[in-house]
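File shown: query24.tsv. Contents: TSV, C-alpha atoms and all ligand atoms.
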chain	number	residue	atom	x	y	z
Q	2	MET	CA	76.45	75.14	73.79
Q	3	THR	CA	74.71	74.70	70.47
Q	4	ALA	CA	71.21	76.08	70.42
Q	5	ALA	CA	68.77	73.95	68.45
Q	6	ILE	CA	65.98	76.41	69.13
Q	7	GLN	CA	66.15	80.11	69.87
Q	8	THR	CA	63.37	82.56	70.52
Q	9	LYS	CA	64.12	86.23	70.79
Q	10	ASN	CA	61.56	88.56	72.32
Q	11	LEU	CA	58.80	86.23	71.25
Q	12	SER	CA	55.34	87.57	71.93
Q	13	ALA	CA	52.09	85.94	70.84
Q	14	TRP	CA	48.43	86.93	70.77
Q	15	TYR	CA	45.08	85.22	70.27
Q	16	GLY	CA	43.14	88.21	68.97
Q	17	ASN	CA	43.57	90.86	71.64
Q	18	LYS	CA	44.70	88.43	74.28
Q	19	GLN	CA	48.43	88.29	74.75
Q	20	ALA	CA	49.63	84.77	75.61
Q	21	LEU	CA	53.42	85.25	75.43
Q	22	LYS	CA	55.47	88.29	76.41
Q	23	ASN	CA	58.99	88.77	75.10
Q	24	VAL	CA	60.19	85.23	75.66
Q	25	SER	CA	63.90	84.94	74.90
Q	26	MET	CA	65.24	81.45	75.33
Q	27	ASP	CA	68.00	79.29	73.82
Q	28	LEU	CA	67.27	75.57	73.91
Q	29	GLU	CA	70.28	73.29	73.76
Q	30	GLU	CA	70.77	70.64	71.13
Q	31	ASN	CA	70.44	67.00	72.31
Q	32	ARG	CA	69.18	68.09	75.69
Q	33	ILE	CA	65.77	67.90	77.29
Q	34	THR	CA	64.26	71.25	78.19
Q	35	ALA	CA	61.28	71.28	80.54
Q	36	ILE	CA	58.70	74.06	80.41
Q	37	ILE	CA	56.82	74.40	83.68
Q	38	GLY	CA	54.28	76.83	85.08
Q	39	PRO	CA	50.63	77.01	86.09
Q	40	SER	CA	47.74	76.39	83.75
Q	41	GLY	CA	47.18	79.10	81.16
Q	42	CYS	CA	50.67	80.62	81.46
Q	43	GLY	CA	51.53	80.05	77.78
Q	44	LYS	CA	53.47	76.77	77.84
Q	45	SER	CA	51.54	75.13	75.01
Q	46	THR	CA	51.46	78.36	73.05
Q	47	TYR	CA	55.24	78.58	73.33
Q	48	ILE	CA	55.98	75.12	72.00
Q	49	ARG	CA	53.30	75.40	69.33
Q	50	CYS	CA	55.08	78.49	68.00
Q	51	LEU	CA	58.17	76.38	67.41
Q	52	ASN	CA	56.58	74.35	64.62
Q	53	ARG	CA	53.96	76.93	63.66
Q	54	MET	CA	51.12	74.73	64.86
Q	55	ASN	CA	49.09	77.77	65.83
Q	56	ASP	CA	49.32	79.50	62.47
Q	57	LEU	CA	45.96	78.07	61.45
Q	58	ILE	CA	44.17	79.59	64.42
Q	59	ASP	CA	42.17	82.62	63.37
Q	60	GLY	CA	43.54	85.78	64.99
Q	61	PHE	CA	46.77	84.20	66.21
Q	62	ARG	CA	49.91	86.24	65.60
Q	63	THR	CA	53.45	86.43	66.86
Q	64	GLN	CA	56.16	89.04	67.10
Q	65	GLY	CA	59.86	88.44	67.59
Q	66	GLU	CA	62.16	85.74	66.29
Q	67	ILE	CA	61.87	81.97	66.28
Q	68	LEU	CA	64.95	80.17	65.00
Q	69	ILE	CA	65.38	76.44	64.49
Q	70	PHE	CA	69.06	75.64	63.91
Q	71	ASN	CA	69.57	79.31	63.10
Q	72	LYS	CA	66.81	79.42	60.50
Q	73	ASP	CA	63.76	81.63	60.90
Q	74	VAL	CA	60.75	79.28	61.05
Q	75	ARG	CA	58.82	81.62	58.79
Q	76	SER	CA	61.33	80.95	56.03
Q	77	ILE	CA	60.83	77.19	56.27
Q	78	ASP	CA	58.03	75.45	54.38
Q	79	PRO	CA	55.49	74.42	57.09
Q	80	VAL	CA	55.42	70.80	55.91
Q	81	GLU	CA	59.22	70.63	56.13
Q	82	LEU	CA	59.16	72.40	59.47
Q	83	ARG	CA	56.70	69.92	61.00
Q	84	LYS	CA	58.80	67.07	59.64
Q	85	SER	CA	61.89	68.29	61.47
Q	86	VAL	CA	59.99	69.46	64.56
Q	87	GLY	CA	57.65	66.66	65.65
Q	88	MET	CA	54.99	66.88	68.33
Q	89	VAL	CA	53.47	64.50	70.87
Q	90	PHE	CA	50.28	65.54	72.62
Q	91	GLN	CA	48.65	65.09	76.00
Q	92	LYS	CA	46.12	62.58	74.80
Q	93	PRO	CA	47.58	59.81	72.63
Q	94	ASN	CA	46.10	60.38	69.17
Q	95	PRO	CA	46.86	57.43	66.91
Q	96	PHE	CA	45.01	57.26	63.62
Q	97	PRO	CA	42.21	54.64	63.60
Q	98	LYS	CA	44.31	52.47	61.33
Q	99	SER	CA	46.75	49.60	61.74
Q	100	ILE	CA	49.89	49.98	63.84
Q	101	PHE	CA	51.92	49.68	60.63
Q	102	GLU	CA	49.92	52.35	58.82
Q	103	ASN	CA	50.26	54.78	61.73
Q	104	ILE	CA	54.02	54.75	61.31
Q	105	ALA	CA	54.08	54.47	57.53
Q	106	PHE	CA	51.75	57.43	57.03
Q	107	GLY	CA	54.33	60.21	57.45
Q	108	PRO	CA	57.13	58.66	55.39
Q	109	ARG	CA	54.57	58.02	52.59
Q	110	ILE	CA	53.45	61.65	52.60
Q	111	HIS	CA	57.07	62.66	52.34
Q	112	GLY	CA	57.41	60.57	49.22
Q	113	LEU	CA	59.00	57.38	50.38
Q	114	ASN	CA	58.00	54.49	48.16
Q	115	ASN	CA	56.86	51.24	49.72
Q	116	ASN	CA	60.29	49.60	49.57
Q	117	GLY	CA	61.86	51.30	52.55
Q	118	LEU	CA	58.71	51.34	54.65
Q	119	ASP	CA	59.08	48.02	56.50
Q	120	ALA	CA	62.52	49.05	57.69
Q	121	ILE	CA	61.37	52.50	58.79
Q	122	VAL	CA	58.40	51.06	60.68
Q	123	GLU	CA	60.62	48.57	62.48
Q	124	GLU	CA	63.33	51.11	63.26
Q	125	SER	CA	60.83	53.69	64.55
Q	126	LEU	CA	59.02	51.17	66.76
Q	127	LYS	CA	62.35	49.96	68.13
Q	128	LYS	CA	63.46	53.51	68.92
Q	129	ALA	CA	60.15	54.12	70.67
Q	130	ALA	CA	60.63	50.94	72.76
Q	131	LEU	CA	57.44	49.41	71.38
Q	132	TRP	CA	58.70	46.89	68.84
Q	133	ASP	CA	58.87	43.93	71.23
Q	134	GLU	CA	55.25	44.46	72.22
Q	135	VAL	CA	53.79	44.86	68.73
Q	136	SER	CA	56.07	43.16	66.20
Q	137	GLU	CA	53.63	40.22	65.89
Q	138	ARG	CA	50.57	42.40	65.45
Q	139	LEU	CA	51.49	45.21	63.08
Q	140	ASN	CA	48.20	44.85	61.24
Q	141	ASP	CA	46.07	45.23	64.36
Q	142	ASN	CA	44.22	48.49	64.82
Q	143	ALA	CA	46.25	50.97	66.86
Q	144	MET	CA	43.16	51.81	68.91
Q	145	GLU	CA	43.41	48.36	70.52
Q	146	LEU	CA	46.70	49.29	72.21
Q	147	SER	CA	46.82	50.48	75.82
Q	148	GLY	CA	47.13	54.22	76.47
Q	149	GLY	CA	50.84	53.95	77.23
Q	150	GLN	CA	51.45	51.90	74.10
Q	151	GLN	CA	49.45	54.38	72.05
Q	152	GLN	CA	51.62	57.20	73.32
Q	153	ARG	CA	54.80	55.32	72.39
Q	154	LEU	CA	53.21	54.66	69.00
Q	155	CYS	CA	52.71	58.41	68.60
Q	156	ILE	CA	56.38	58.92	69.46
Q	157	ALA	CA	57.32	56.25	66.89
Q	158	ARG	CA	55.12	58.04	64.36
Q	159	ALA	CA	56.95	61.28	65.04
Q	160	LEU	CA	60.34	59.55	64.74
Q	161	ALA	CA	59.44	57.92	61.41
Q	162	VAL	CA	59.86	61.16	59.47
Q	163	LYS	CA	63.32	61.71	60.97
Q	164	PRO	CA	62.85	64.87	62.99
Q	165	LYS	CA	65.63	66.72	64.77
Q	166	ILE	CA	63.41	68.11	67.50
Q	167	ILE	CA	60.50	66.55	69.38
Q	168	LEU	CA	58.02	68.64	71.35
Q	169	PHE	CA	56.02	66.91	74.09
Q	170	ASP	CA	52.96	68.67	75.48
Q	171	GLU	CA	52.19	66.97	78.81
Q	172	PRO	CA	52.75	63.55	77.24
Q	173	CYS	CA	52.11	61.56	80.41
Q	174	SER	CA	49.19	63.34	82.00
Q	175	ALA	CA	46.76	60.70	80.70
Q	176	LEU	CA	49.02	57.77	81.62
Q	177	ASP	CA	49.51	55.50	84.63
Q	178	PRO	CA	52.82	55.59	86.57
Q	179	ILE	CA	54.36	52.56	84.82
Q	180	SER	CA	53.61	53.91	81.34
Q	181	THR	CA	54.87	57.31	82.49
Q	182	SER	CA	58.16	55.86	83.58
Q	183	LYS	CA	58.50	54.06	80.23
Q	184	ILE	CA	58.06	57.37	78.39
Q	185	GLU	CA	60.62	59.05	80.65
Q	186	ASP	CA	63.16	56.25	80.05
Q	187	LEU	CA	62.48	56.56	76.36
Q	188	MET	CA	63.10	60.32	76.39
Q	189	LEU	CA	66.43	59.80	78.13
Q	190	GLU	CA	67.35	57.21	75.49
Q	191	LEU	CA	66.33	59.54	72.64
Q	192	LYS	CA	68.64	62.29	73.93
Q	193	LYS	CA	71.51	60.83	71.94
Q	194	GLU	CA	69.86	61.80	68.70
Q	195	TYR	CA	67.19	64.38	69.37
Q	196	THR	CA	66.54	67.73	70.97
Q	197	GLN	CA	63.46	67.44	73.16
Q	198	VAL	CA	61.16	69.93	74.82
Q	199	ILE	CA	58.61	68.79	77.39
Q	200	VAL	CA	55.76	70.75	78.88
Q	201	THR	CA	54.86	69.15	82.18
Q	202	HIS	CA	52.74	69.80	85.24
Q	203	ASN	CA	54.67	67.18	87.13
Q	204	MET	CA	57.61	68.72	89.00
Q	205	GLN	CA	59.16	65.33	89.73
Q	206	GLN	CA	59.01	64.54	86.05
Q	207	ALA	CA	60.74	67.78	85.09
Q	208	ALA	CA	63.41	67.10	87.72
Q	209	ARG	CA	63.90	63.51	86.56
Q	210	VAL	CA	64.16	63.96	82.81
Q	211	SER	CA	65.24	67.47	81.98
Q	212	ASP	CA	68.62	69.15	81.74
Q	213	ASN	CA	67.25	72.67	81.70
Q	214	THR	CA	64.01	74.13	82.95
Q	215	GLY	CA	62.10	77.29	82.11
Q	216	PHE	CA	59.43	78.60	84.47
Q	217	PHE	CA	56.60	80.51	82.79
Q	218	LEU	CA	54.08	82.76	84.53
Q	219	TYR	CA	51.37	84.86	82.82
Q	220	GLY	CA	53.10	84.48	79.45
Q	221	GLU	CA	56.51	85.49	80.70
Q	222	LEU	CA	59.65	83.42	81.11
Q	223	ILE	CA	60.40	84.16	84.74
Q	224	GLU	CA	63.47	82.01	85.19
Q	225	TYR	CA	65.48	79.65	83.02
Q	226	GLY	CA	68.51	77.59	83.92
Q	227	GLY	CA	69.90	74.16	84.71
Q	228	THR	CA	67.17	71.94	86.16
Q	229	ARG	CA	69.14	71.30	89.33
Q	230	GLN	CA	69.60	74.99	89.96
Q	231	ILE	CA	65.94	75.80	89.26
Q	232	PHE	CA	64.75	73.13	91.68
Q	233	LYS	CA	67.39	73.52	94.39
Q	234	LYS	CA	68.19	77.21	94.31
Q	235	PRO	CA	65.65	79.19	92.31
Q	236	ARG	CA	66.60	82.84	91.97
Q	237	GLU	CA	63.04	84.12	91.81
Q	238	LYS	CA	60.55	83.99	94.63
Q	239	SER	CA	57.70	83.04	92.26
Q	240	THR	CA	59.70	80.06	90.91
Q	241	GLU	CA	60.23	78.82	94.43
Q	242	ASP	CA	56.57	79.33	95.34
Q	243	TYR	CA	55.47	77.36	92.30
Q	244	ILE	CA	57.94	74.54	92.79
Q	245	ILE	CA	57.05	73.97	96.41
Q	246	GLY	CA	53.39	74.01	95.49
Q	247	ARG	CA	52.19	77.32	96.86
Q	248	PHE	CA	50.15	77.88	93.69
Q	249	GLY	CA	49.38	76.45	90.27
S	1	LIG	N1	42.96	78.80	70.66
S	1	LIG	C1	42.95	79.77	71.59
S	1	LIG	N2	42.17	80.87	71.44
S	1	LIG	C2	42.16	81.85	72.36
S	1	LIG	N3	42.91	81.85	73.47
S	1	LIG	C3	43.70	80.81	73.68
S	1	LIG	C4	43.77	79.71	72.75
S	1	LIG	N4	44.66	78.80	73.23
S	1	LIG	C5	45.12	79.30	74.39
S	1	LIG	N5	44.55	80.51	74.66
S	1	LIG	C6	44.83	81.35	75.84
S	1	LIG	O1	46.20	81.69	75.88
S	1	LIG	C7	46.71	81.59	77.21
S	1	LIG	C8	47.86	80.58	77.25
S	1	LIG	O2	47.34	79.30	76.97
S	1	LIG	P1	48.24	78.01	76.86
S	1	LIG	O3	49.42	78.30	76.05
S	1	LIG	O4	47.35	76.90	76.41
S	1	LIG	O5	48.67	77.79	78.39
S	1	LIG	P2	49.26	76.51	79.14
S	1	LIG	O6	49.67	75.49	78.11
S	1	LIG	O7	50.38	77.00	79.96
S	1	LIG	O8	48.13	75.98	80.02
S	1	LIG	C9	45.53	81.19	78.08
S	1	LIG	O9	45.01	82.36	78.66
S	1	LIG	C10	44.55	80.59	77.13
S	1	LIG	O10	43.23	80.77	77.56
S	2	MG	MG	48.97	73.53	77.77
Show me this structure written as structure tokens.
Amino acid sequence: MTAAIQTKNLSAWYGNKQALKNVSMDLEENRITAIIGPSGCGKSTYIRCLNRMNDLIDGFRTQGEILIFNKDVRSIDPVELRKSVGMVFQKPNPFPKSIFENIAFGPRIHGLNNNGLDAIVEESLKKAALWDEVSERLNDNAMELSGGQQQRLCIARALAVKPKIILFDEPCSALDPISTSKIEDLMLELKKEYTQVIVTHNMQQAARVSDNTGFFLYGELIEYGGTRQIFKKPREKSTEDYIIGRFG
């Protein structure tokens, strides 16, 4: 396999509080990796390390290696890093601007002149399975879209700067079942071109969309393997207990 992301003995702290403990994990290119585990076990911290989102938090520090396509993230300019490693959050967070401007924002920052923008906006919205719903109203404010549409807009916004990796932090927890299933279909479609990591509380969702699953508990990676194996034949007792709903 080709690893798009590797962490080696990754530990992380908020001040004195340790949130990750020696997490070593290789995440496969063009696959979907699910990160599961109870609240507070370090899932968000883990994926936020991958694009250095937590670097701005006072007192946050890490130890160990984080490699994106074999490059240490600390050696990559943070702006470049966040361009190639996009992120979609729990609550859709479009800018209070037009649909068009939401998508055009990133490419503009990265120096694209106005000429290519129409094409990028269209391509990104098509990839995010939103084009058909918004092509006639690109100048409408993005806040007028439904929650599910807003989340696909946020995915389109991430795609517009041509990332290689997309991190999803519980992307469906604020969405209804139909919008959730649209996002899951979209993720499966995006597999052709992107490496994706999804933090989810929803076991069925992890089982439906992911190829590999990592189970975190108290900041540790307890078990990591093919999703089918993790759900059907977990090696660890705590994985099994979590999956069948004994805690968390
Ligand atoms: N900004 C922060 N400052 C201090 N502690 C934090 C911060 N963010 C998270 N933590 C702590 O780190 C641990 C892991 O949190 P997190 O990664 O958000 O867990 P999860 O996403 O699995 O719910 C928790 O104990 C949480 O309280
Ligand atoms: Mg979280």
Report as JSON lines: every residue of stretch 39-61 of chain Q with an atom at most 8 Å from stretch 220-225 of chain Q, its closest pair of atoms, and their distance in Å to one decimal, counting all atoms listed in the file, with rows sorted by chain and ascending residue number.
{"residue": "Q:Cys42", "atom": "CA", "partner": "Q:Gly220", "partner_atom": "CA", "distance": 5.0}
{"residue": "Q:Gly43", "atom": "CA", "partner": "Q:Gly220", "partner_atom": "CA", "distance": 5.0}
{"residue": "Q:Lys44", "atom": "CA", "partner": "Q:Gly220", "partner_atom": "CA", "distance": 7.9}
Sorted by chain and rising residue number, which residues of chain Q lie within 12 Å of ligand LIG 1 (chain S), and what are their closest atom pairs and distances in Å to one decimal, counting all atoms listed in the file, as JSON lines?
{"residue": "Q:Ser12", "atom": "CA", "partner": "S:LIG1", "partner_atom": "C8", "distance": 11.5}
{"residue": "Q:Ala13", "atom": "CA", "partner": "S:LIG1", "partner_atom": "O1", "distance": 8.8}
{"residue": "Q:Trp14", "atom": "CA", "partner": "S:LIG1", "partner_atom": "O1", "distance": 7.7}
{"residue": "Q:Tyr15", "atom": "CA", "partner": "S:LIG1", "partner_atom": "C2", "distance": 4.9}
{"residue": "Q:Gly16", "atom": "CA", "partner": "S:LIG1", "partner_atom": "C2", "distance": 7.3}
{"residue": "Q:Asn17", "atom": "CA", "partner": "S:LIG1", "partner_atom": "C2", "distance": 9.1}
{"residue": "Q:Lys18", "atom": "CA", "partner": "S:LIG1", "partner_atom": "N3", "distance": 6.9}
{"residue": "Q:Gln19", "atom": "CA", "partner": "S:LIG1", "partner_atom": "O1", "distance": 7.1}
{"residue": "Q:Ala20", "atom": "CA", "partner": "S:LIG1", "partner_atom": "C7", "distance": 4.6}
{"residue": "Q:Leu21", "atom": "CA", "partner": "S:LIG1", "partner_atom": "C8", "distance": 7.5}
{"residue": "Q:Lys22", "atom": "CA", "partner": "S:LIG1", "partner_atom": "C8", "distance": 10.9}
{"residue": "Q:Ile36", "atom": "CA", "partner": "S:LIG1", "partner_atom": "O7", "distance": 8.8}
{"residue": "Q:Ile37", "atom": "CA", "partner": "S:LIG1", "partner_atom": "O7", "distance": 7.9}
{"residue": "Q:Gly38", "atom": "CA", "partner": "S:LIG1", "partner_atom": "O7", "distance": 6.4}
{"residue": "Q:Pro39", "atom": "CA", "partner": "S:LIG1", "partner_atom": "O7", "distance": 6.1}
{"residue": "Q:Ser40", "atom": "CA", "partner": "S:LIG1", "partner_atom": "O8", "distance": 3.8}
{"residue": "Q:Gly41", "atom": "CA", "partner": "S:LIG1", "partner_atom": "O5", "distance": 3.4}
{"residue": "Q:Cys42", "atom": "CA", "partner": "S:LIG1", "partner_atom": "O7", "distance": 3.9}
{"residue": "Q:Gly43", "atom": "CA", "partner": "S:LIG1", "partner_atom": "O3", "distance": 3.2}
{"residue": "Q:Lys44", "atom": "CA", "partner": "S:LIG1", "partner_atom": "O7", "distance": 3.8}
{"residue": "Q:Ser45", "atom": "CA", "partner": "S:LIG1", "partner_atom": "O6", "distance": 3.6}
{"residue": "Q:Thr46", "atom": "CA", "partner": "S:LIG1", "partner_atom": "O3", "distance": 3.6}
{"residue": "Q:Tyr47", "atom": "CA", "partner": "S:LIG1", "partner_atom": "O3", "distance": 6.4}
{"residue": "Q:Ile48", "atom": "CA", "partner": "S:LIG1", "partner_atom": "O3", "distance": 8.3}
{"residue": "Q:Arg49", "atom": "CA", "partner": "S:LIG1", "partner_atom": "O3", "distance": 8.3}
{"residue": "Q:Cys50", "atom": "CA", "partner": "S:LIG1", "partner_atom": "O3", "distance": 9.8}
{"residue": "Q:Met54", "atom": "CA", "partner": "S:LIG1", "partner_atom": "N1", "distance": 10.8}
{"residue": "Q:Asn55", "atom": "CA", "partner": "S:LIG1", "partner_atom": "N1", "distance": 7.9}
{"residue": "Q:Asp56", "atom": "CA", "partner": "S:LIG1", "partner_atom": "N1", "distance": 10.4}
{"residue": "Q:Leu57", "atom": "CA", "partner": "S:LIG1", "partner_atom": "N1", "distance": 9.7}
{"residue": "Q:Ile58", "atom": "CA", "partner": "S:LIG1", "partner_atom": "N1", "distance": 6.4}
{"residue": "Q:Asp59", "atom": "CA", "partner": "S:LIG1", "partner_atom": "N2", "distance": 8.3}
{"residue": "Q:Gly60", "atom": "CA", "partner": "S:LIG1", "partner_atom": "N2", "distance": 8.2}
{"residue": "Q:Phe61", "atom": "CA", "partner": "S:LIG1", "partner_atom": "N2", "distance": 7.7}
{"residue": "Q:Arg62", "atom": "CA", "partner": "S:LIG1", "partner_atom": "N2", "distance": 11.1}
{"residue": "Q:Phe90", "atom": "CA", "partner": "S:LIG1", "partner_atom": "O6", "distance": 11.4}
{"residue": "Q:Gln91", "atom": "CA", "partner": "S:LIG1", "partner_atom": "O6", "distance": 10.7}
{"residue": "Q:Phe169", "atom": "CA", "partner": "S:LIG1", "partner_atom": "O6", "distance": 11.4}
{"residue": "Q:Asp170", "atom": "CA", "partner": "S:LIG1", "partner_atom": "O6", "distance": 8.0}
{"residue": "Q:Glu171", "atom": "CA", "partner": "S:LIG1", "partner_atom": "O6", "distance": 8.9}
{"residue": "Q:Ile199", "atom": "CA", "partner": "S:LIG1", "partner_atom": "O6", "distance": 11.2}
{"residue": "Q:Val200", "atom": "CA", "partner": "S:LIG1", "partner_atom": "O6", "distance": 7.8}
{"residue": "Q:Thr201", "atom": "CA", "partner": "S:LIG1", "partner_atom": "O6", "distance": 9.1}
{"residue": "Q:His202", "atom": "CA", "partner": "S:LIG1", "partner_atom": "O7", "distance": 9.2}
{"residue": "Q:Gly215", "atom": "CA", "partner": "S:LIG1", "partner_atom": "O7", "distance": 11.9}
{"residue": "Q:Phe216", "atom": "CA", "partner": "S:LIG1", "partner_atom": "O7", "distance": 10.2}
{"residue": "Q:Phe217", "atom": "CA", "partner": "S:LIG1", "partner_atom": "O7", "distance": 7.7}
{"residue": "Q:Leu218", "atom": "CA", "partner": "S:LIG1", "partner_atom": "O7", "distance": 8.2}
{"residue": "Q:Tyr219", "atom": "CA", "partner": "S:LIG1", "partner_atom": "C8", "distance": 7.9}
{"residue": "Q:Gly220", "atom": "CA", "partner": "S:LIG1", "partner_atom": "C8", "distance": 6.9}
{"residue": "Q:Glu221", "atom": "CA", "partner": "S:LIG1", "partner_atom": "O7", "distance": 10.5}
{"residue": "Q:Leu222", "atom": "CA", "partner": "S:LIG1", "partner_atom": "O7", "distance": 11.3}
{"residue": "Q:Gly249", "atom": "CA", "partner": "S:LIG1", "partner_atom": "O8", "distance": 10.3}
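Proximity of Q:Gly226, Q:Gly149, Q:Gly117, Q:Pro172 to ligand MG 2 (chain S), computed with all atoms listed in the file, is greatest for Q:Pro172.
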**Minimum-distance residue to ligand MG 2 (chain S), chosen among Q:Asn114, Q:Ile245, Q:Lys92, Q:Thr240 (using all atoms listed in the file)** = Q:Lys92
**Fill in**
A straight line from atom CA of Q:Glu102 to atom CA of Q:Ser85 spans 20.1 Å
**Prompt:** Please, which residues are within 9 Å of (58.7, 84.7, 64.6) by the file's coordinates, counting only C-alpha atoms, and could they come as a PyMOL selection string?
**Reply:** chain Q and resi 8-9+11-12+50-51+62-68+73-75
**Residue nearest Q:Val135 - candidates Q:Leu118, Q:Lys233, Q:Phe101, Q:Gly227, atoms counted: all atoms listed in the file** =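 Looking only at the distances to Q:Val135, the closest residue turns out to be Q:Phe101.
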**Request:** Could you jot down the atom CA of Q:Met144 to atom CA of Q:Pro97 separation for me, Å, one decimal place?
**Result:** 6.1 Å
**Prompt:** Residues at most 8 Å from Q:Pro79, counting only C-alpha atoms, excluding those fewer than 4 positions away in the same chain, as JSON, numbers by chain?
**Reply:** {"Q": [52, 53, 83]}
**Request:** May I ask for the distance between atom CA of Q:Phe248 and atom CA of Q:Gln206, given in Å to one decimal place?
**Result:**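 Computing it gives 17.7 Å between the two atoms.
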**Message:** Please list as a list in words every residue within 9 Å of Q:Leu187, counting all atoms listed in the file and excluding residues in the same chain fewer than 3 positions away.
**Reply:** Lys128, Ala129, Ala130, Arg153, Ser182, Lys183, Ile184, Glu190, Leu191 and Lys192 of chain Q
**Request:** Tell me which of Q:Lys163, Q:Arg109, Q:Arg158, Q:Arg32 sits closest to Q:Leu82, counting all atoms listed in the file.
**Result:** Q:Lys163
